[in-house]
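Undergrad: For reference, the file my_file31.cif (mmCIF, C-alpha atoms) is included below:
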```cif
data_final
loop_
_atom_site.label_atom_id
_atom_site.label_comp_id
_atom_site.auth_asym_id
_atom_site.auth_seq_id
_atom_site.Cartn_x
_atom_site.Cartn_y
_atom_site.Cartn_z
CA MET G 1223 9.73 -13.62 -42.44
CA ALA G 1224 10.12 -13.85 -46.15
CA ALA G 1225 7.76 -15.61 -48.44
CA GLU G 1226 9.13 -16.77 -51.72
CA GLY G 1227 9.28 -19.95 -53.78
CA HIS G 1228 7.38 -20.99 -56.84
CA GLY G 1229 3.86 -20.04 -55.99
CA SER G 1230 4.04 -21.75 -52.64
CA ILE G 1231 4.37 -20.20 -49.22
CA ASP G 1232 7.44 -21.20 -47.25
CA ALA G 1233 6.15 -20.55 -43.75
CA LEU G 1234 8.82 -22.50 -41.92
CA SER G 1235 12.11 -21.12 -43.18
CA GLN G 1236 11.68 -18.18 -40.82
CA PHE G 1237 12.52 -20.57 -38.00
CA LYS G 1238 15.75 -21.69 -39.61
CA LEU G 1239 18.83 -20.98 -37.57
CA GLU G 1240 21.73 -19.31 -39.35
CA PRO G 1241 25.20 -18.56 -38.06
CA VAL G 1242 25.82 -14.89 -37.43
CA LEU G 1243 28.81 -12.65 -36.71
CA GLY G 1244 30.81 -14.03 -39.62
CA GLN G 1245 33.55 -16.63 -39.11
CA PHE G 1246 33.79 -15.94 -35.41
CA GLY G 1247 30.10 -16.68 -34.92
CA ALA G 1248 30.27 -19.74 -37.16
CA ALA G 1249 33.17 -21.16 -35.18
CA LEU G 1250 31.36 -20.65 -31.88
CA HIS G 1251 28.00 -21.77 -33.36
CA ILE G 1252 26.30 -18.50 -32.52
CA SER G 1253 22.94 -18.14 -34.25
CA GLN G 1254 20.52 -15.24 -34.62
CA ALA G 1255 18.53 -16.81 -31.75
CA ASN G 1256 21.40 -16.02 -29.40
CA VAL G 1257 21.60 -12.46 -30.66
CA MET G 1258 17.90 -12.02 -29.91
CA MET G 1259 18.38 -13.59 -26.48
CA ALA G 1260 21.16 -11.11 -25.75
CA VAL G 1261 18.97 -8.26 -26.99
CA ALA G 1262 16.11 -9.46 -24.78
CA GLY G 1263 18.49 -9.60 -21.82
CA LEU G 1264 19.89 -6.15 -22.56
CA LEU G 1265 16.38 -4.72 -22.88
CA THR G 1266 15.47 -6.21 -19.50
CA LEU G 1267 18.58 -4.83 -17.83
CA GLY G 1268 18.31 -1.56 -19.75
CA LEU G 1269 14.77 -1.01 -18.55
CA LEU G 1270 15.98 -1.34 -14.96
CA TRP G 1271 19.34 0.39 -15.26
CA VAL G 1272 18.26 3.32 -17.40
CA GLY G 1273 14.80 3.53 -15.88
CA MET G 1274 16.06 3.59 -12.31
CA SER G 1275 19.06 5.86 -12.91
CA PRO G 1276 17.23 9.07 -11.85
CA ARG G 1277 16.32 7.39 -8.54
CA ALA G 1278 13.53 9.96 -8.40
CA MET G 1279 11.15 10.18 -5.48
CA ILE G 1280 8.40 10.95 -8.00
CA PRO G 1281 9.19 8.63 -10.93
CA GLY G 1282 9.14 9.64 -14.58
CA ARG G 1283 7.71 7.45 -17.31
CA LEU G 1284 10.56 4.98 -17.73
CA GLN G 1285 11.16 4.75 -13.99
CA SER G 1286 7.43 4.11 -13.50
CA ALA G 1287 7.65 1.34 -16.07
CA ALA G 1288 10.67 -0.20 -14.33
CA GLU G 1289 9.00 0.03 -10.91
CA MET G 1290 5.77 -1.38 -12.30
CA ALA G 1291 7.68 -4.31 -13.80
CA TYR G 1292 9.33 -4.94 -10.43
CA GLU G 1293 6.12 -4.66 -8.44
CA THR G 1294 4.02 -6.74 -10.84
CA VAL G 1295 6.41 -9.69 -10.65
CA MET G 1296 6.94 -9.19 -6.91
CA ASN G 1297 3.17 -9.27 -6.30
CA MET G 1298 2.87 -12.33 -8.52
CA CYS G 1299 5.53 -14.11 -6.44
CA ILE G 1300 4.03 -13.15 -3.09
CA GLU G 1301 0.43 -13.88 -4.10
CA GLN G 1302 1.21 -17.23 -5.68
CA ILE G 1303 4.03 -18.57 -3.51
CA GLY G 1304 3.44 -16.73 -0.23
CA HIS G 1305 5.96 -14.67 1.73
CA GLU G 1306 8.72 -17.16 0.78
CA GLY G 1307 8.12 -15.94 -2.78
CA LYS G 1308 10.57 -13.06 -2.26
CA LYS G 1309 13.42 -15.59 -2.40
CA PHE G 1310 12.43 -16.69 -5.91
CA PHE G 1311 11.59 -13.22 -7.16
CA PRO G 1312 14.83 -12.56 -9.12
CA LEU G 1313 14.48 -15.89 -10.93
CA VAL G 1314 10.81 -15.37 -11.81
CA PHE G 1315 11.58 -11.82 -12.88
CA THR G 1316 14.40 -12.96 -15.15
CA LEU G 1317 12.29 -15.75 -16.65
CA PHE G 1318 9.31 -13.48 -17.23
CA PHE G 1319 11.20 -10.65 -18.90
CA PHE G 1320 13.52 -12.94 -20.87
CA ILE G 1321 10.50 -14.68 -22.39
CA LEU G 1322 8.41 -11.50 -22.68
CA PHE G 1323 11.06 -9.57 -24.59
CA GLY G 1324 11.86 -12.68 -26.64
CA ASN G 1325 8.20 -12.97 -27.64
CA LEU G 1326 7.71 -9.26 -28.27
CA LEU G 1327 10.90 -8.87 -30.32
CA GLY G 1328 9.70 -11.69 -32.53
CA VAL G 1329 6.65 -9.69 -33.59
CA PHE G 1330 8.92 -7.20 -35.37
CA PRO G 1331 9.37 -8.08 -39.04
CA LEU G 1332 12.70 -9.76 -39.87
CA PHE G 1333 13.38 -10.41 -36.17
CA PHE G 1334 13.86 -13.94 -34.99
CA THR G 1335 11.68 -15.42 -32.24
CA PHE G 1336 13.81 -17.67 -30.05
CA THR G 1337 10.77 -18.80 -28.05
CA SER G 1338 9.45 -20.46 -31.22
CA HIS G 1339 12.16 -23.11 -30.85
CA ILE G 1340 11.11 -26.17 -28.87
CA ALA G 1341 14.74 -26.71 -27.84
CA VAL G 1342 14.81 -23.33 -26.10
CA THR G 1343 11.40 -23.65 -24.42
CA LEU G 1344 12.14 -27.23 -23.45
CA ALA G 1345 15.41 -26.13 -21.87
CA LEU G 1346 13.59 -23.40 -19.94
CA SER G 1347 10.83 -25.73 -18.76
CA THR G 1348 13.33 -28.45 -17.85
CA PHE G 1349 15.29 -25.91 -15.86
CA VAL G 1350 12.10 -24.82 -14.06
CA PHE G 1351 11.16 -28.44 -13.42
CA VAL G 1352 14.57 -29.38 -12.05
CA PHE G 1353 14.76 -26.22 -9.96
CA VAL G 1354 11.26 -26.75 -8.52
CA THR G 1355 12.00 -30.38 -7.69
CA PHE G 1356 15.32 -29.39 -6.12
CA ILE G 1357 13.58 -26.77 -3.95
CA ALA G 1358 10.87 -29.26 -2.95
CA ILE G 1359 13.42 -31.89 -1.87
CA LYS G 1360 15.53 -29.28 -0.11
CA GLU G 1361 12.49 -28.00 1.80
CA HIS G 1362 10.87 -31.31 2.63
CA GLY G 1363 13.46 -34.05 2.16
CA MET G 1364 11.97 -37.50 1.64
CA HIS G 1365 8.59 -36.18 2.75
CA PHE G 1366 8.39 -34.57 -0.69
CA PHE G 1367 7.40 -37.91 -2.22
CA SER G 1368 4.13 -37.84 -0.26
CA TYR G 1369 3.15 -35.23 -2.85
CA PHE G 1370 2.44 -38.12 -5.22
CA VAL G 1371 0.08 -39.87 -2.81
CA PRO G 1372 -3.26 -38.06 -2.68
CA LYS G 1373 -4.88 -38.08 0.76
CA GLY G 1374 -7.91 -40.25 1.51
CA ILE G 1375 -7.71 -42.75 -1.38
CA PRO G 1376 -8.36 -46.47 -0.97
CA ALA G 1377 -5.15 -48.48 -0.58
CA ALA G 1378 -6.07 -50.57 -3.63
CA LEU G 1379 -6.11 -47.49 -5.81
CA ALA G 1380 -2.89 -46.05 -4.41
CA PRO G 1381 -0.45 -47.51 -6.97
CA LEU G 1382 -2.58 -46.29 -9.86
CA MET G 1383 -3.00 -42.84 -8.32
CA VAL G 1384 0.71 -42.54 -7.61
CA LEU G 1385 1.44 -43.46 -11.21
CA ILE G 1386 -1.01 -40.84 -12.47
CA GLU G 1387 0.39 -38.22 -10.12
CA VAL G 1388 3.96 -38.93 -11.20
CA ILE G 1389 3.00 -38.75 -14.87
CA SER G 1390 1.15 -35.49 -14.32
CA TYR G 1391 4.14 -34.10 -12.42
CA LEU G 1392 6.54 -35.09 -15.19
CA SER G 1393 4.22 -33.77 -17.90
CA ARG G 1394 4.79 -30.27 -16.54
CA ILE G 1395 8.00 -30.20 -18.58
CA ILE G 1396 6.09 -30.94 -21.77
CA SER G 1397 3.06 -28.74 -21.12
CA LEU G 1398 5.14 -25.75 -20.06
CA SER G 1399 7.47 -25.93 -23.06
CA VAL G 1400 5.00 -26.96 -25.75
CA ARG G 1401 2.48 -24.28 -24.71
CA LEU G 1402 4.99 -21.51 -25.28
CA PHE G 1403 6.61 -23.04 -28.34
CA ALA G 1404 3.32 -23.90 -30.09
CA ASN G 1405 1.75 -20.52 -29.40
CA MET G 1406 4.71 -18.60 -30.74
CA MET G 1407 5.25 -20.84 -33.73
CA ALA G 1408 1.58 -20.96 -34.73
CA GLY G 1409 1.31 -17.18 -34.61
CA HIS G 1410 4.36 -16.68 -36.77
CA VAL G 1411 3.26 -19.32 -39.29
CA MET G 1412 -0.11 -17.58 -39.59
CA LEU G 1413 1.57 -14.21 -40.12
CA GLU G 1414 3.81 -15.77 -42.74
CA VAL G 1415 0.94 -17.49 -44.55
CA PHE G 1416 -1.19 -14.36 -44.75
CA GLY G 1417 1.88 -12.33 -45.65
CA GLY G 1418 2.46 -14.82 -48.47
CA PHE G 1419 -1.12 -14.33 -49.66
CA VAL G 1420 -0.56 -10.59 -49.82
CA VAL G 1421 2.56 -11.04 -51.95
CA MET G 1422 0.98 -13.64 -54.23
CA LEU G 1423 -2.23 -11.69 -54.80
CA GLY G 1424 -0.29 -8.49 -55.25
CA ALA G 1425 1.99 -10.13 -57.82
CA ALA G 1426 -1.02 -11.55 -59.71
CA GLY G 1427 -2.10 -7.99 -60.47
CA GLY G 1428 -5.45 -6.65 -61.67
CA ILE G 1429 -8.43 -7.45 -59.54
CA PHE G 1430 -6.26 -9.65 -57.30
CA PHE G 1431 -4.15 -6.66 -56.38
CA VAL G 1432 -7.23 -5.14 -54.71
CA GLY G 1433 -7.99 -8.50 -53.09
CA ALA G 1434 -4.55 -8.46 -51.46
CA GLY G 1435 -5.94 -5.92 -49.00
CA MET G 1436 -7.92 -8.66 -47.31
CA PRO G 1437 -5.00 -10.80 -46.03
CA LEU G 1438 -3.14 -7.56 -45.25
CA LEU G 1439 -6.00 -6.54 -42.95
CA VAL G 1440 -5.92 -10.01 -41.39
CA ASN G 1441 -2.19 -9.58 -40.75
CA VAL G 1442 -2.74 -6.22 -39.10
CA ILE G 1443 -5.25 -7.84 -36.76
CA LEU G 1444 -2.92 -10.81 -36.26
CA ILE G 1445 -0.05 -8.53 -35.22
CA GLY G 1446 -2.24 -7.09 -32.47
CA PHE G 1447 -3.26 -10.58 -31.51
CA GLU G 1448 0.37 -11.68 -31.48
CA LEU G 1449 1.25 -8.86 -29.07
CA LEU G 1450 -1.44 -10.21 -26.76
CA VAL G 1451 -0.22 -13.80 -27.12
CA ALA G 1452 3.40 -12.73 -26.60
CA SER G 1453 2.58 -11.03 -23.29
CA LEU G 1454 0.09 -13.65 -22.20
CA GLN G 1455 2.41 -16.60 -22.80
CA ALA G 1456 5.26 -14.94 -20.91
CA TYR G 1457 2.83 -14.28 -18.05
CA VAL G 1458 1.52 -17.86 -18.16
CA PHE G 1459 5.06 -19.25 -18.05
CA ALA G 1460 5.97 -17.05 -15.10
CA ILE G 1461 2.79 -17.70 -13.14
CA LEU G 1462 2.97 -21.46 -13.69
CA THR G 1463 6.55 -21.33 -12.42
CA CYS G 1464 5.21 -19.53 -9.35
CA ILE G 1465 2.44 -22.10 -8.86
CA TYR G 1466 4.94 -24.96 -9.15
CA LEU G 1467 7.18 -23.19 -6.63
CA HIS G 1468 4.19 -22.81 -4.32
CA ASP G 1469 3.61 -26.55 -4.52
CA ALA G 1470 7.31 -27.16 -3.88
CA VAL G 1471 7.36 -24.91 -0.82
CA HIS G 1472 4.00 -25.91 0.66
CA LEU G 1473 3.29 -29.41 -0.81
CA HIS G 1474 -0.39 -29.08 -1.88
CA MET Y 1366 1.15 -63.86 -41.35
CA THR Y 1367 2.05 -63.37 -44.96
CA ARG Y 1368 -0.47 -60.60 -45.18
CA PHE Y 1369 1.18 -58.95 -42.16
CA ARG Y 1370 4.56 -59.16 -43.84
CA ARG Y 1371 3.17 -57.36 -46.79
CA ILE Y 1372 1.40 -54.68 -44.73
CA ALA Y 1373 4.17 -54.00 -42.21
CA PRO Y 1374 6.56 -52.04 -44.46
CA LEU Y 1375 3.61 -50.05 -45.72
CA ALA Y 1376 2.58 -49.14 -42.21
CA VAL Y 1377 6.12 -48.26 -41.24
CA GLY Y 1378 6.43 -46.15 -44.34
CA LEU Y 1379 3.11 -44.43 -43.63
CA ILE Y 1380 4.31 -43.39 -40.19
CA ALA Y 1381 7.93 -42.72 -41.03
CA ILE Y 1382 7.45 -40.56 -44.12
CA PRO Y 1383 5.43 -37.73 -42.45
CA MET Y 1384 7.82 -37.80 -39.50
CA MET Y 1385 10.79 -37.43 -41.79
CA ALA Y 1386 8.97 -34.71 -43.66
CA MET Y 1387 8.27 -33.01 -40.35
CA ALA Y 1388 11.85 -33.35 -39.30
CA ASP Y 1389 12.98 -31.93 -42.62
CA GLY Y 1390 10.29 -29.31 -42.62
CA LEU Y 1391 10.47 -27.98 -39.11
CA PRO Y 1392 13.77 -26.17 -38.58
CA GLN Y 1393 13.09 -26.50 -34.84
CA LEU Y 1394 13.51 -30.27 -35.09
CA ASP Y 1395 16.50 -30.14 -37.37
CA PHE Y 1396 19.10 -31.51 -34.99
CA LYS Y 1397 21.54 -32.05 -37.82
CA ASN Y 1398 21.99 -28.30 -37.62
CA LYS Y 1399 24.40 -27.82 -34.71
CA LEU Y 1400 22.94 -24.40 -34.09
CA THR Y 1401 19.75 -26.00 -32.76
CA VAL Y 1402 21.60 -27.34 -29.75
CA TYR Y 1403 24.16 -24.55 -29.50
CA GLN Y 1404 21.46 -21.90 -29.29
CA VAL Y 1405 20.40 -23.58 -26.05
CA VAL Y 1406 23.98 -23.65 -24.76
CA TRP Y 1407 24.53 -19.97 -25.54
CA GLY Y 1408 21.00 -19.22 -24.34
CA ALA Y 1409 21.77 -20.82 -21.00
CA ALA Y 1410 24.92 -18.71 -20.71
CA ILE Y 1411 23.01 -15.54 -21.61
CA PHE Y 1412 20.26 -16.44 -19.15
CA VAL Y 1413 22.73 -17.03 -16.33
CA VAL Y 1414 24.49 -13.72 -17.01
CA LEU Y 1415 21.12 -11.97 -17.19
CA TYR Y 1416 20.05 -13.56 -13.92
CA ILE Y 1417 23.26 -12.56 -12.14
CA LEU Y 1418 23.19 -8.97 -13.42
CA ALA Y 1419 19.48 -8.60 -12.69
CA SER Y 1420 19.60 -10.08 -9.19
CA ARG Y 1421 22.89 -8.40 -8.17
CA THR Y 1422 22.64 -4.93 -9.68
CA ALA Y 1423 19.41 -4.07 -11.44
CA LEU Y 1424 16.74 -5.38 -9.08
CA PRO Y 1425 18.40 -4.15 -5.83
CA LYS Y 1426 18.47 -0.70 -7.42
CA VAL Y 1427 14.70 -0.76 -7.86
CA GLU Y 1428 14.27 -2.18 -4.39
CA SER Y 1429 16.37 0.56 -2.78
CA VAL Y 1430 14.38 3.30 -4.54
CA LEU Y 1431 11.06 1.73 -3.57
CA GLU Y 1432 12.25 1.30 0.01
CA GLU Y 1433 13.48 4.87 0.15
CA ARG Y 1434 10.12 6.08 -1.05
CA ALA Y 1435 8.21 3.90 1.39
CA LYS Y 1436 10.44 5.19 4.19
CA ARG Y 1437 9.91 8.77 3.10
CA ILE Y 1438 6.14 8.32 2.97
CA ALA Y 1439 6.14 6.65 6.37
CA GLY Y 1440 8.32 9.46 7.73
CA ASP Y 1441 6.04 12.11 6.28
CA LEU Y 1442 3.00 10.37 7.73
CA GLU Y 1443 4.78 10.19 11.07
CA GLY Y 1444 5.61 13.89 10.84
CA ALA Y 1445 2.02 14.73 9.99
CA LYS Y 1446 0.84 12.64 12.92
CA ASP Y 1447 3.31 14.46 15.21
CA ALA Y 1448 2.15 17.83 13.92
CA LYS Y 1449 -1.46 16.83 14.50
CA GLY Y 1450 -0.57 15.70 18.01
CA ARG Y 1451 1.13 19.02 18.67
CA ALA Y 1452 -1.83 20.93 17.27
CA ASP Y 1453 -4.22 18.91 19.42
CA ALA Y 1454 -2.04 19.57 22.47
CA GLY Y 1455 -2.00 23.30 21.61
CA ILE Y 1456 -5.78 23.34 21.30
CA ALA Y 1457 -6.10 21.54 24.63
CA ALA Y 1458 -3.64 23.95 26.27
CA ALA Y 1459 -5.53 26.95 24.88
CA ALA Y 1460 -8.82 25.53 26.15
CA ALA Y 1461 -7.28 24.89 29.56
CA ALA Y 1462 -5.79 28.39 29.68
CA THR Y 1463 -9.17 29.90 28.74
CA ALA Y 1464 -10.92 27.89 31.42
CA LYS Y 1465 -8.29 28.87 33.99
CA ALA Y 1466 -8.48 32.55 33.07
CA ARG Y 1467 -12.27 32.41 33.29
CA SER Y 1468 -12.19 30.78 36.73
CA GLU Y 1469 -9.53 33.24 37.91
CA ALA Y 1470 -11.60 36.17 36.71
CA GLN Y 1471 -14.66 34.71 38.42
CA ALA Y 1472 -12.65 34.29 41.62
CA ALA Y 1473 -11.39 37.88 41.39
CA ILE Y 1474 -14.93 39.13 40.86
CA ASN Y 1475 -16.14 37.10 43.81
CA ALA Y 1476 -13.27 38.35 45.98
CA ALA Y 1477 -13.97 41.96 45.00
CA ILE Y 1478 -17.63 41.50 45.82
CA GLU Y 1479 -16.71 39.95 49.16
CA THR Y 1480 -14.23 42.74 49.93
CA SER Y 1481 -16.64 45.50 49.10
CA LYS Y 1482 -19.41 43.73 51.06
CA ALA Y 1483 -17.08 43.49 54.07
CA ALA Y 1484 -16.04 47.13 53.69
CA ALA Y 1485 -19.68 48.21 53.47
CA ALA Y 1486 -20.51 46.13 56.52
CA ALA Y 1487 -17.59 47.60 58.46
CA GLN Y 1488 -18.60 51.10 57.43
CA SER Y 1489 -22.18 50.63 58.46
CA ALA Y 1490 -21.05 49.04 61.73
CA ALA Y 1491 -18.80 52.04 62.44
CA LEU Y 1492 -21.66 54.40 61.60
CA ASN Y 1493 -23.99 52.49 63.89
CA ASP Y 1494 -21.43 52.63 66.67
CA ARG Y 1495 -20.98 56.35 66.28
CA LEU Y 1496 -24.75 56.94 66.17
CA GLU Y 1497 -25.13 54.71 69.22
CA LYS Y 1498 -22.47 56.69 71.04
CA GLN Y 1499 -24.04 60.00 70.06
CA LEU Y 1500 -27.45 58.69 71.14
CA LYS Y 1501 -25.99 57.61 74.48
CA GLU Y 1502 -24.31 60.99 74.94
CA ALA Y 1503 -27.52 62.75 74.05
CA GLU Y 1504 -29.45 60.54 76.46
CA GLY Y 1505 -26.81 61.25 79.15
CA GLN Y 1506 -27.18 64.99 78.54
CA ILE Y 1507 -30.95 64.69 78.65
CA ALA Y 1508 -30.74 62.69 81.88
CA ALA Y 1509 -28.30 65.24 83.39
CA ALA Y 1510 -30.53 68.13 82.35
CA ARG Y 1511 -33.53 66.32 83.79
CA GLY Y 1512 -31.66 65.54 86.97
CA ALA Y 1513 -30.59 69.17 87.22
CA ALA Y 1514 -34.14 70.32 86.57
CA LEU Y 1515 -35.51 67.85 89.09
CA ALA Y 1516 -32.94 68.91 91.63
CA ALA Y 1517 -33.83 72.54 91.10
CA LEU Y 1518 -37.56 71.78 91.33
CA PRO Y 1519 -38.00 71.64 95.21
CA GLY Y 1520 -36.32 75.03 95.53
CA VAL Y 1521 -38.50 76.60 92.87
CA ALA Y 1522 -41.62 74.90 94.24
CA THR Y 1523 -40.80 76.10 97.77
CA ASP Y 1524 -40.12 79.63 96.57
CA THR Y 1525 -43.34 79.64 94.52
CA ALA Y 1526 -45.39 78.16 97.34
CA VAL Y 1527 -43.94 80.64 99.88
CA ALA Y 1528 -44.65 83.53 97.55
CA LEU Y 1529 -48.20 82.26 96.83
CA ILE Y 1530 -49.07 81.58 100.44
CA THR Y 1531 -47.57 84.87 101.61
CA ARG Y 1532 -49.65 86.78 99.06
CA LEU Y 1533 -52.81 84.80 99.88
CA THR Y 1534 -52.54 84.67 103.63
CA GLY Y 1535 -50.22 87.43 104.28
CA ALA Y 1536 -48.19 85.25 106.56
CA ALA Y 1537 -45.15 83.21 105.86
CA PRO Y 1538 -45.83 79.52 105.86
CA ASP Y 1539 -44.31 77.07 108.23
CA GLY Y 1540 -41.14 75.99 106.47
CA ALA Y 1541 -41.10 72.44 107.74
CA ARG Y 1542 -44.74 71.68 106.80
CA LEU Y 1543 -44.26 73.19 103.36
CA SER Y 1544 -41.17 71.21 102.50
CA GLY Y 1545 -42.92 68.01 103.72
CA ALA Y 1546 -45.95 68.74 101.52
CA ILE Y 1547 -43.71 69.50 98.56
CA ASP Y 1548 -41.71 66.32 99.09
CA ALA Y 1549 -44.94 64.30 99.31
CA ALA Y 1550 -46.19 65.95 96.14
CA MET Y 1551 -42.84 65.38 94.41
CA VAL Y 1552 -42.87 61.71 95.44
CA ALA Y 1553 -46.47 61.34 94.25
CA ARG Y 1554 -45.66 62.91 90.90
CA GLY Y 1555 -42.40 61.08 90.60
CA ALA Y 1556 -44.14 57.80 91.32
CA SER Y 1557 -46.95 58.61 88.95
CA ARG Y 1558 -44.45 59.27 86.21
#
```
If you took the structure in this file and wrote it as structure tokens, what would it be?

TA:
Amino acid sequence: MAAEGHGSIDALSQFKLEPVLGQFGAALHISQANVMMAVAGLLTLGLLWVGMSPRAMIPGRLQSAAEMAYETVMNMCIEQIGHEGKKFFPLVFTLFFFILFGNLLGVFPLFFTFTSHIAVTLALSTFVFVFVTFIAIKEHGMHFFSYFVPKGIPAALAPLMVLIEVISYLSRIISLSVRLFANMMAGHVMLEVFGGFVVMLGAAGGIFFVGAGMPLLVNVILIGFELLVASLQAYVFAILTCIYLHDAVHLH
Amino acid sequence: MTRFRRIAPLAVGLIAIPMMAMADGLPQLDFKNKLTVYQVVWGAAIFVVLYILASRTALPKVESVLEERAKRIAGDLEGAKDAKGRADAGIAAAAAATAKARSEAQAAINAAIETSKAAAAAQSAALNDRLEKQLKEAEGQIAAARGAALAALPGVATDTAVALITRLTGAAPDGARLSGAIDAAMVARGASR
């Protein structure tokens, strides 16, 4: 997140991917996004490994956090999917914490937000879509396709309804990925723009220097807001995955 | 038609230019940068490793601790329930023992009362018997004394009558007449009694 240029704010260069880890990274096409992904993964595993290492009967703070993380996602799975939800719990847990830590890490200055890349969110949503469809066909076989035929519609309307249902089913890929991507990107562009205002007003000096406090205050509020959005979007992604899995397991 | 030919490139340009600008502007859509695609490839690898490590090692660890705790709580609850059951049984046993002791004491009291009543009855019966016997003996003695007195009476009466008549008449009375009169008198008195 660096604003520079000739009096203009470059809000998009923060999303630019750069090779990291020197020649080795360049040869393997490793970007800072992958580093942040690895960090997010290590934080997820670290929370569980380090948190649960005391195996205390009465948990301490970190163990409480780890257990709470486990139980929150487990409850989400069971409430949304039903008792079959336990099967999908590790996947939902991984998705939720991968995205959550990815979003939260991005709020730190100079840290890259990999969830602000449509390619990443699209890959995640495509994976969820393919997985959900695979589960649905595995559970129900050819009967799965009755999902696209709403009950109790006139036969004349059936082709139209089936078309609409199929489109709405396919659009899950887009809605799931664009929701996360757009939320994360918009937040970071806003932070960058107001950060740019602070720098520009501060550089102008005099009365403007005092005026720079205004966008700074906005940024402080925005950071808090971003923390909310980061958590909320991870939660939305996870719970929508659960709802889709519920549909796949139960068909309606 | 000619107008369309003139407008078409303009329209295409109007649409294409912002899209190109977007593509240039948004690093997310910059697919000329290989990193855009490779971040997904590496991301997929990282995600798979994360999933395997989380599902094989990290999450079972949490599960085992939570299960252990649930088991412990259930065990403790079970123990508390057992203890309560034992306490209830103890209370019931104590109540039963108290009731038994009370009934036993009552029975002992009743038995003692019965025993002493029987003893008193036996004592009074024995006393009555003795008194009865003494009374009978006394009556026997009285009867014997009376019999003896009655037996002695004709002799005394005869002697007295002989002495009286001799003094009054100066002559000894006829013995046979006297004893007859005395017997008649004795019978009369005896009957009158």

Undergrad: Enumerate as a list in words the residues belonging to chain G that approach chain Y to within 6 Å, with only C-alpha atoms taken into account.

TA: Phe1237, Lys1238, His1251, Asn1256, Gly1263, Leu1270, Trp1271, Pro1312, Thr1316, His1339 and Val1342 of chain G

Undergrad: Please indicate the distance in Å from atom CA of G:Gly1363 to atom CA of G:Ser1399, rounded to one decimal place.

TA: 27.2 Å

Undergrad: Check what the PyMOL selection byres ((chain G and resi 1391) around 10) selects in the file above and give those residues as a short mmCIF file (atom, residue, chain, number, x, y, z; two decimals) with C-alpha atoms, in the frame of the given file.

TA:
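Output file selection_18.cif is given in full below:
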```
data_model
loop_
_atom_site.label_atom_id
_atom_site.label_comp_id
_atom_site.auth_asym_id
_atom_site.auth_seq_id
_atom_site.Cartn_x
_atom_site.Cartn_y
_atom_site.Cartn_z
CA PHE G 1351 11.16 -28.44 -13.42
CA THR G 1355 12.00 -30.38 -7.69
CA TYR G 1369 3.15 -35.23 -2.85
CA PHE G 1370 2.44 -38.12 -5.22
CA LEU G 1385 1.44 -43.46 -11.21
CA ILE G 1386 -1.01 -40.84 -12.47
CA GLU G 1387 0.39 -38.22 -10.12
CA VAL G 1388 3.96 -38.93 -11.20
CA ILE G 1389 3.00 -38.75 -14.87
CA SER G 1390 1.15 -35.49 -14.32
CA LEU G 1392 6.54 -35.09 -15.19
CA SER G 1393 4.22 -33.77 -17.90
CA ARG G 1394 4.79 -30.27 -16.54
CA ILE G 1395 8.00 -30.20 -18.58
CA TYR G 1466 4.94 -24.96 -9.15
#
```

Undergrad: In file coordinates, which residues lie within 12 Å of (8.3, -28.9, -1.5) using all atoms listed in the file, given as a PyMOL selection string?

TA: chain G and resi 1303+1306+1353-1370+1465-1474

Undergrad: Run the PyMOL selection byres ((chain G and resi 1279-1290) around 7) mentally over the shown coordinates, then write out the matched residues as a ChimeraX atom specification, using the chain letters and numbers from the document.

TA: /G:1269-1270,1273-1274,1277-1278,1291-1294 /Y:1427,1434

Undergrad: To one decimal place, how far is atom CA of G:Gln1236 from atom CA of G:Pro1331 in Å?

TA: 10.5 Å

Undergrad: How many Å lie between atom CA of G:Ile1445 and atom CA of G:Ser1338, rounded to one decimal?

TA: 15.8 Å

Undergrad: Skipping near chain neighbours, those fewer than 4 positions away, what residues fall within 10 Å of Y:Ala1526 using all atoms listed in the file, listed as a list in words?

TA: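 These residues fall inside the cut-off: Gly1520, Val1521, Ala1522, Ile1530, Thr1531, Arg1532, Ala1537, Pro1538, Leu1543, Ser1544 and Ile1547 of chain Y.
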
Undergrad: Could the centre and edge lengths of an axis-aligned box, enclosing all atoms of stretch 1437-1453 of chain G in the file with 6 Å extra on each side, be given in Å to one decimal as AutoDock Vina command-line options?

TA:
```
--center_x -1.3 --center_y -10.0 --center_z -34.7 --size_x 21.4 --size_y 19.6 --size_z 34.7
```

Undergrad: Using all atoms listed in the file, give me every residue within 7 Å of (9.3, -14.9, -19.0) in file coordinates, as a list of chain:residue names.

TA: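 Result, sorted by chain then residue number: G:Thr1316, G:Leu1317, G:Phe1318, G:Phe1319, G:Phe1320, G:Ile1321, G:Leu1322, G:Ala1456, G:Tyr1457, G:Phe1459, G:Ala1460.
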